[in-house]
>>> print(open('input.cif').read())   # mmCIF, C-alpha atoms
data_target
loop_
_atom_site.label_atom_id
_atom_site.label_comp_id
_atom_site.auth_asym_id
_atom_site.auth_seq_id
_atom_site.Cartn_x
_atom_site.Cartn_y
_atom_site.Cartn_z
CA MET A 1 -9.64 -3.70 -9.09
CA ILE A 2 -8.02 -0.56 -7.75
CA HIS A 3 -7.73 2.77 -9.59
CA LEU A 4 -4.37 4.36 -8.84
CA ALA A 5 -3.08 7.54 -10.49
CA THR A 6 0.57 7.94 -11.46
CA ARG A 7 0.79 10.66 -8.80
CA HIS A 8 -0.24 8.18 -6.10
CA ARG A 9 2.13 5.49 -7.37
CA ASN A 10 4.92 8.07 -7.29
CA GLU A 11 4.02 9.17 -3.74
CA ILE A 12 4.19 5.56 -2.52
CA ALA A 13 7.46 4.93 -4.41
CA ALA A 14 9.03 8.12 -3.02
CA HIS A 15 7.93 7.24 0.53
CA GLY A 16 9.51 3.80 0.16
CA GLY A 17 12.75 5.34 -1.11
CA ARG A 18 12.87 7.92 1.70
CA ASP A 19 12.34 5.35 4.44
CA TYR A 20 14.75 2.76 2.99
CA PRO A 21 16.23 0.54 4.44
CA TYR A 22 13.15 0.49 6.68
CA GLU A 23 9.60 -0.33 5.69
CA CYS A 24 7.36 2.62 5.00
CA CYS A 25 3.61 2.51 5.53
CA GLY A 26 0.48 4.52 4.91
CA LEU A 27 -3.20 4.59 4.13
CA LEU A 28 -5.02 4.60 0.82
CA LEU A 29 -7.92 7.03 1.00
CA GLY A 30 -10.72 7.00 -1.53
CA THR A 31 -14.06 5.47 -2.37
CA PHE A 32 -15.59 2.09 -3.07
CA SER A 33 -17.48 2.12 -6.38
CA ALA A 34 -20.79 0.29 -6.90
CA ASP A 35 -19.01 -2.47 -8.84
CA GLY A 36 -16.59 -3.08 -5.96
CA ALA A 37 -13.59 -1.28 -7.44
CA LYS A 38 -11.56 0.95 -5.17
CA ILE A 39 -10.65 4.46 -6.33
CA VAL A 40 -7.65 6.04 -4.60
CA VAL A 41 -8.05 9.79 -4.18
CA GLU A 42 -5.21 10.42 -1.75
CA THR A 43 -2.33 8.65 -0.03
CA TYR A 44 -1.77 9.28 3.66
CA PRO A 45 1.81 8.51 4.77
CA ILE A 46 2.30 7.29 8.33
CA SER A 47 5.54 6.92 10.26
CA ASN A 48 6.51 3.29 10.93
CA ALA A 49 6.07 2.89 14.69
CA ARG A 50 7.99 -0.41 14.94
CA GLU A 51 11.00 -0.53 17.21
CA GLU A 52 14.22 0.41 15.39
CA ASP A 53 15.64 -3.10 14.96
CA ALA A 54 12.38 -4.46 13.46
CA LYS A 55 11.67 -1.67 10.93
CA ARG A 56 13.65 -3.41 8.18
CA ASN A 57 11.03 -6.13 7.76
CA ARG A 58 7.93 -5.02 9.70
CA PHE A 59 5.73 -1.97 9.99
CA LEU A 60 3.32 -0.84 12.65
CA ILE A 61 0.54 1.70 12.40
CA ARG A 62 -0.46 2.81 15.88
CA PRO A 63 -4.23 2.88 16.55
CA GLU A 64 -4.17 6.64 17.17
CA GLU A 65 -2.45 7.16 13.79
CA LEU A 66 -5.10 5.04 12.06
CA MET A 67 -7.84 7.02 13.79
CA ARG A 68 -6.17 10.30 12.78
CA GLY A 69 -6.10 9.08 9.17
CA GLU A 70 -9.75 8.01 9.34
CA ARG A 71 -10.77 11.43 10.70
CA PHE A 72 -8.75 13.15 7.95
CA ALA A 73 -10.49 10.99 5.33
CA GLU A 74 -13.91 11.86 6.76
CA THR A 75 -13.19 15.60 6.39
CA LYS A 76 -12.83 14.96 2.65
CA ALA A 77 -15.81 12.56 2.40
CA LEU A 78 -13.39 9.65 1.80
CA GLU A 79 -12.81 6.27 3.42
CA VAL A 80 -9.78 4.16 4.20
CA ILE A 81 -9.87 1.71 1.27
CA GLY A 82 -6.51 0.12 1.86
CA PHE A 83 -2.97 0.26 3.12
CA TYR A 84 0.47 0.42 1.54
CA HIS A 85 3.92 -0.52 2.71
CA SER A 86 7.34 -1.25 1.30
CA HIS A 87 9.47 -4.36 1.21
CA PRO A 88 13.12 -3.26 1.37
CA ASP A 89 15.28 -5.55 -0.78
CA HIS A 90 12.41 -8.03 -1.20
CA PRO A 91 9.70 -8.59 -3.83
CA ALA A 92 6.37 -6.76 -3.83
CA ILE A 93 4.61 -9.89 -2.56
CA PRO A 94 2.88 -10.00 0.83
CA SER A 95 4.60 -12.03 3.51
CA GLU A 96 2.97 -14.55 5.81
CA TYR A 97 3.18 -11.85 8.49
CA ASP A 98 1.27 -9.48 6.18
CA LEU A 99 -1.42 -12.14 5.71
CA ASP A 100 -1.72 -12.70 9.45
CA HIS A 101 -2.26 -8.98 10.11
CA ALA A 102 -4.50 -7.98 7.20
CA TRP A 103 -8.26 -7.57 6.95
CA PRO A 104 -10.56 -8.60 4.08
CA VAL A 105 -12.11 -5.93 1.81
CA TYR A 106 -9.09 -3.60 1.83
CA SER A 107 -6.39 -3.30 -0.82
CA TYR A 108 -2.80 -3.91 0.22
CA ILE A 109 -0.21 -2.26 -1.99
CA VAL A 110 3.35 -3.47 -1.59
CA VAL A 111 6.24 -1.59 -3.21
CA SER A 112 9.58 -3.35 -3.60
CA VAL A 113 12.51 -1.05 -2.83
CA ASN A 114 16.01 -2.27 -3.74
CA ALA A 115 19.06 -0.26 -2.64
CA GLY A 116 16.82 2.76 -2.04
CA GLU A 117 15.11 2.64 -5.45
CA ALA A 118 11.43 1.69 -5.81
CA ARG A 119 11.32 -1.18 -8.28
CA GLU A 120 7.78 -2.50 -8.57
CA LEU A 121 4.38 -1.91 -7.05
CA ARG A 122 1.64 -4.52 -6.78
CA SER A 123 -1.75 -4.61 -5.10
CA TRP A 124 -3.33 -7.50 -3.20
CA GLU A 125 -6.75 -8.38 -1.78
CA MET A 126 -7.36 -10.92 0.94
CA GLU A 127 -9.76 -13.80 0.49
CA PRO A 128 -12.88 -13.38 2.69
CA ASP A 129 -11.84 -16.45 4.71
CA ARG A 130 -8.39 -14.81 5.29
CA SER A 131 -6.63 -17.86 3.78
CA ARG A 132 -4.52 -16.00 1.21
CA PHE A 133 -3.97 -12.90 -0.87
CA ASN A 134 -4.94 -12.61 -4.53
CA GLU A 135 -3.23 -10.13 -6.78
CA GLU A 136 -5.51 -7.21 -7.54
CA ARG A 137 -5.58 -5.55 -10.94
CA ILE A 138 -4.30 -1.96 -10.90
CA PHE A 139 -6.07 0.38 -13.26
CA LYS A 140 -3.59 3.13 -14.01
CA ASP A 141 -5.28 6.52 -14.01
CA SER A 142 -2.77 8.93 -15.55
CA THR A 143 -2.64 12.61 -16.22
CA ALA A 144 -0.89 13.83 -19.36
CA GLY A 145 2.80 14.43 -18.72
CA GLU A 146 3.06 12.30 -15.56
CA THR A 147 6.00 9.91 -15.51
CA SER A 148 6.25 6.94 -13.18
CA LEU A 149 9.15 6.91 -10.70
CA LEU A 150 9.05 3.12 -10.52
CA ALA A 151 11.95 1.27 -12.13
CA VAL A 152 9.54 -1.43 -13.33
CA ASP A 153 6.21 -0.17 -14.62
CA GLU A 154 3.45 -2.20 -13.02
CA ALA A 155 1.83 -2.69 -16.42
CA GLU A 156 4.65 -5.12 -17.02
CA ILE A 157 3.94 -7.12 -13.87
CA VAL A 158 0.21 -6.89 -13.14
CA LYS A 159 -1.55 -10.04 -14.18
CA GLY A 160 -5.22 -10.74 -14.63
CA SER A 161 -7.99 -9.00 -16.49
#
>>> encode(input="input.cif", output="structure tokens")
Amino acid sequence: MIHLATRHRNEIAAHGGRDYPYECCGLLLGTFSADGAKIVVETYPISNAREEDAKRNRFLIRPEELMRGERFAETKALEVIGFYHSHPDHPAIPSEYDLDHAWPVYSYIVVSVNAGEARELRSWEMEPDRSRFNEERIFKDSTAGETSLLAVDEAEIVKGS
């Protein structure tokens, strides 16, 4: 399970909309709780370093950008607990490419962006043997008065307990 505030969902959705028609990407910074849940405290947007013609369906986080994000997290006593990226004009479901380039333990949030509008946001965890992704339950931490920017509220699409 991942705890994700409306503010963080909106930051990811806005990043996906800004970078459309290219994939956006970033880090999820937070903590791992004793029961294994991940608690997002901050998003950390990163510029997609893929070559121009590949940015529509791939993202790349350069090692130095990842290290910069890790150092930033450490200054706030946080850890990298996952990654996010967008799928322009495609569903919020990880691709085979995503599976091939992911690591177990982390959360992988995918936001679907259609015609520049963030539609849905889903989170995924990789099996320890790296064979597949399983959808991860999103616990929506909300502050009074916050409104989701997503066209489809993930409460309508998140499955599981």
>>> residues_around(input="input.cif", residues="A:Arg58", least_positions_apart="3", cutoff="12 Å", atoms="all atoms listed in the file", output="ChimeraX atom specification")
/A:21-25,48-55,61,85-88,94-98,101
>>> atom_distance(input="input.cif", atom1="atom CA of A:Phe83", atom2="atom CA of A:Ile109")
6.3 Å
>>> closest_residue(input="input.cif", among="A:Val110, A:Leu99, A:Leu78, A:Ala14", to="A:Arg132", atoms="only C-alpha atoms")
A:Leu99
>>> residues_around(input="input.cif", residues="A:His8", least_positions_apart="6", cutoff="8 Å", atoms="all atoms listed in the file", output="list in words")
Val40, Glu42 and Thr43 of chain A
>>> atom_distance(input="input.cif", atom1="atom CA of A:Leu27", atom2="atom CA of A:Tyr44")
4.9 Å
>>> closest_residue(input="input.cif", among="A:Ile138, A:Ile46, A:Leu66, A:Met126", to="A:Gly16", atoms="only C-alpha atoms")
A:Ile46
>>> atom_distance(input="input.cif", atom1="atom CA of A:Lys140", atom2="atom CA of A:Met1")
10.4 Å
>>> closest_residue(input="input.cif", among="A:Ile2, A:Asp19, A:His90, A:Glu70", to="A:Ser47", atoms="only C-alpha atoms")
A:Asp19
>>> closest_residue(input="input.cif", among="A:Ile81, A:Ala5, A:Ala115, A:Ala73", to="A:Leu28", atoms="only C-alpha atoms")
A:Ile81
>>> residues_around(input="input.cif", residues="A:His3", least_positions_apart="3", cutoff="10 Å", atoms="only C-alpha atoms", output="number ranges by chain")
A: 6, 8, 30-31, 37-41, 137-142
>>> decode(input="input.cif", residues="stretch 8-159 of chain A", atoms="C-alpha atoms", output="short mmCIF file (atom, residue, chain, number, x, y, z; two decimals), in the first residue's frame")
data_model
loop_
_atom_site.label_atom_id
_atom_site.label_comp_id
_atom_site.auth_asym_id
_atom_site.auth_seq_id
_atom_site.Cartn_x
_atom_site.Cartn_y
_atom_site.Cartn_z
CA HIS A 8 1.05 14.73 -4.52
CA ARG A 9 -1.47 13.24 -6.95
CA ASN A 10 -2.04 16.75 -8.31
CA GLU A 11 1.71 17.41 -8.65
CA ILE A 12 2.15 14.21 -10.66
CA ALA A 13 -0.94 14.96 -12.80
CA ALA A 14 0.25 18.53 -13.47
CA HIS A 15 3.75 17.30 -14.39
CA GLY A 16 2.24 14.82 -16.84
CA GLY A 17 0.08 17.55 -18.40
CA ARG A 18 3.02 19.98 -18.70
CA ASP A 19 5.28 17.45 -20.39
CA TYR A 20 2.60 16.07 -22.75
CA PRO A 21 2.98 14.67 -25.42
CA TYR A 22 6.19 13.38 -23.84
CA GLU A 23 6.53 11.15 -20.80
CA CYS A 24 7.26 12.91 -17.55
CA CYS A 25 9.17 11.26 -14.72
CA GLY A 26 10.15 11.80 -11.12
CA LEU A 27 10.88 10.33 -7.74
CA LEU A 28 8.58 9.56 -4.84
CA LEU A 29 10.28 10.57 -1.60
CA GLY A 30 9.06 9.37 1.76
CA THR A 31 9.33 6.59 4.28
CA PHE A 32 8.72 2.87 4.56
CA SER A 33 6.46 2.08 7.53
CA ALA A 34 6.96 -0.95 9.78
CA ASP A 35 4.05 -2.75 8.08
CA GLY A 36 5.63 -2.28 4.65
CA ALA A 37 3.43 0.59 3.48
CA LYS A 38 5.07 3.48 1.70
CA ILE A 39 4.25 7.03 2.76
CA VAL A 40 4.92 9.73 0.16
CA VAL A 41 6.08 12.99 1.73
CA GLU A 42 7.29 14.75 -1.40
CA THR A 43 7.44 14.35 -5.17
CA TYR A 44 10.68 15.19 -6.94
CA PRO A 45 10.18 15.98 -10.65
CA ILE A 46 13.01 15.10 -13.02
CA SER A 47 13.45 16.12 -16.64
CA ASN A 48 13.08 13.23 -19.10
CA ALA A 49 16.59 12.71 -20.47
CA ARG A 50 15.53 10.51 -23.40
CA GLU A 51 16.40 11.66 -26.88
CA GLU A 52 13.67 13.83 -28.42
CA ASP A 53 12.14 11.22 -30.74
CA ALA A 54 11.81 8.62 -27.93
CA LYS A 55 10.26 10.84 -25.23
CA ARG A 56 6.71 10.05 -26.36
CA ASN A 57 6.89 6.49 -25.05
CA ARG A 58 10.03 6.23 -22.89
CA PHE A 59 11.65 8.10 -20.04
CA LEU A 60 15.18 8.16 -18.75
CA ILE A 61 16.46 9.33 -15.39
CA ARG A 62 20.18 9.95 -15.61
CA PRO A 63 22.26 8.46 -12.75
CA GLU A 64 23.43 11.92 -11.64
CA GLU A 65 19.78 13.08 -11.44
CA LEU A 66 18.88 10.04 -9.34
CA MET A 67 21.84 10.72 -7.06
CA ARG A 68 20.82 14.39 -6.76
CA GLY A 69 17.32 13.27 -5.76
CA GLU A 70 18.70 10.79 -3.23
CA ARG A 71 20.90 13.50 -1.67
CA PHE A 72 17.91 15.87 -1.52
CA ALA A 73 15.85 13.16 0.19
CA GLU A 74 18.62 12.55 2.74
CA THR A 75 18.62 16.25 3.72
CA LYS A 76 14.99 15.78 4.75
CA ALA A 77 15.51 12.36 6.40
CA LEU A 78 13.55 10.70 3.56
CA GLU A 79 14.24 7.88 1.12
CA VAL A 80 13.41 7.23 -2.50
CA ILE A 81 10.39 4.93 -2.12
CA GLY A 82 9.36 4.88 -5.74
CA PHE A 83 9.15 6.48 -9.14
CA TYR A 84 6.42 8.02 -11.25
CA HIS A 85 5.99 8.61 -14.94
CA SER A 86 3.27 9.35 -17.44
CA HIS A 87 1.85 7.39 -20.34
CA PRO A 88 0.76 9.90 -23.00
CA ASP A 89 -2.41 8.68 -24.74
CA HIS A 90 -2.08 5.24 -23.14
CA PRO A 91 -3.52 3.58 -20.01
CA ALA A 92 -1.93 3.87 -16.57
CA ILE A 93 -0.61 0.31 -16.84
CA PRO A 94 3.12 -0.48 -16.88
CA SER A 95 4.54 -1.58 -20.19
CA GLU A 96 6.84 -4.53 -20.77
CA TYR A 97 9.64 -1.96 -21.05
CA ASP A 98 8.67 -0.62 -17.60
CA LEU A 99 8.85 -4.15 -16.19
CA ASP A 100 12.27 -4.75 -17.73
CA HIS A 101 13.68 -1.58 -16.16
CA ALA A 102 12.08 -1.62 -12.71
CA TRP A 103 13.38 -2.80 -9.35
CA PRO A 104 11.49 -4.72 -6.64
CA VAL A 105 10.48 -2.95 -3.40
CA TYR A 106 9.71 0.42 -5.01
CA SER A 107 6.31 1.78 -6.00
CA TYR A 108 5.77 2.72 -9.63
CA ILE A 109 3.04 5.27 -10.22
CA VAL A 110 1.82 5.65 -13.78
CA VAL A 111 -0.45 8.53 -14.77
CA SER A 112 -2.39 8.31 -18.02
CA VAL A 113 -2.44 11.62 -19.90
CA ASN A 114 -4.82 11.95 -22.86
CA ALA A 115 -4.68 15.04 -25.08
CA GLY A 116 -2.77 16.88 -22.34
CA GLU A 117 -5.22 16.03 -19.54
CA ALA A 118 -4.27 13.64 -16.72
CA ARG A 119 -6.95 10.96 -16.66
CA GLU A 120 -6.07 8.29 -14.13
CA LEU A 121 -3.27 7.44 -11.74
CA ARG A 122 -2.40 3.93 -10.58
CA SER A 123 0.42 2.47 -8.53
CA TRP A 124 2.28 -0.80 -9.12
CA GLU A 125 4.74 -3.00 -7.23
CA MET A 126 7.02 -5.54 -8.83
CA GLU A 127 7.06 -9.16 -7.75
CA PRO A 128 10.33 -10.04 -5.94
CA ASP A 129 11.26 -12.40 -8.81
CA ARG A 130 10.72 -9.47 -11.28
CA SER A 131 8.16 -11.53 -13.25
CA ARG A 132 5.32 -8.99 -13.21
CA PHE A 133 3.74 -5.96 -11.62
CA ASN A 134 0.84 -6.14 -9.17
CA GLU A 135 -1.45 -3.19 -8.69
CA GLU A 136 -0.77 -1.48 -5.39
CA ARG A 137 -3.56 -0.02 -3.27
CA ILE A 138 -3.41 3.77 -2.98
CA PHE A 139 -4.49 5.15 0.36
CA LYS A 140 -5.67 8.67 -0.33
CA ASP A 141 -4.45 11.06 2.34
CA SER A 142 -6.42 14.27 1.83
CA THR A 143 -6.47 17.68 3.40
CA ALA A 144 -9.79 19.48 3.73
CA GLY A 145 -10.54 21.55 0.66
CA GLU A 146 -8.13 19.76 -1.69
CA THR A 147 -9.61 18.80 -5.04
CA SER A 148 -8.09 16.21 -7.36
CA LEU A 149 -6.97 17.41 -10.80
CA LEU A 150 -7.39 13.91 -12.23
CA ALA A 151 -10.28 13.41 -14.64
CA VAL A 152 -10.89 9.95 -13.17
CA ASP A 153 -10.56 9.71 -9.41
CA GLU A 154 -8.38 6.73 -8.57
CA ALA A 155 -10.92 5.59 -5.98
CA GLU A 156 -12.96 4.53 -8.99
CA ILE A 157 -10.16 2.45 -10.48
CA VAL A 158 -8.01 1.12 -7.62
CA LYS A 159 -8.79 -2.48 -6.92
#
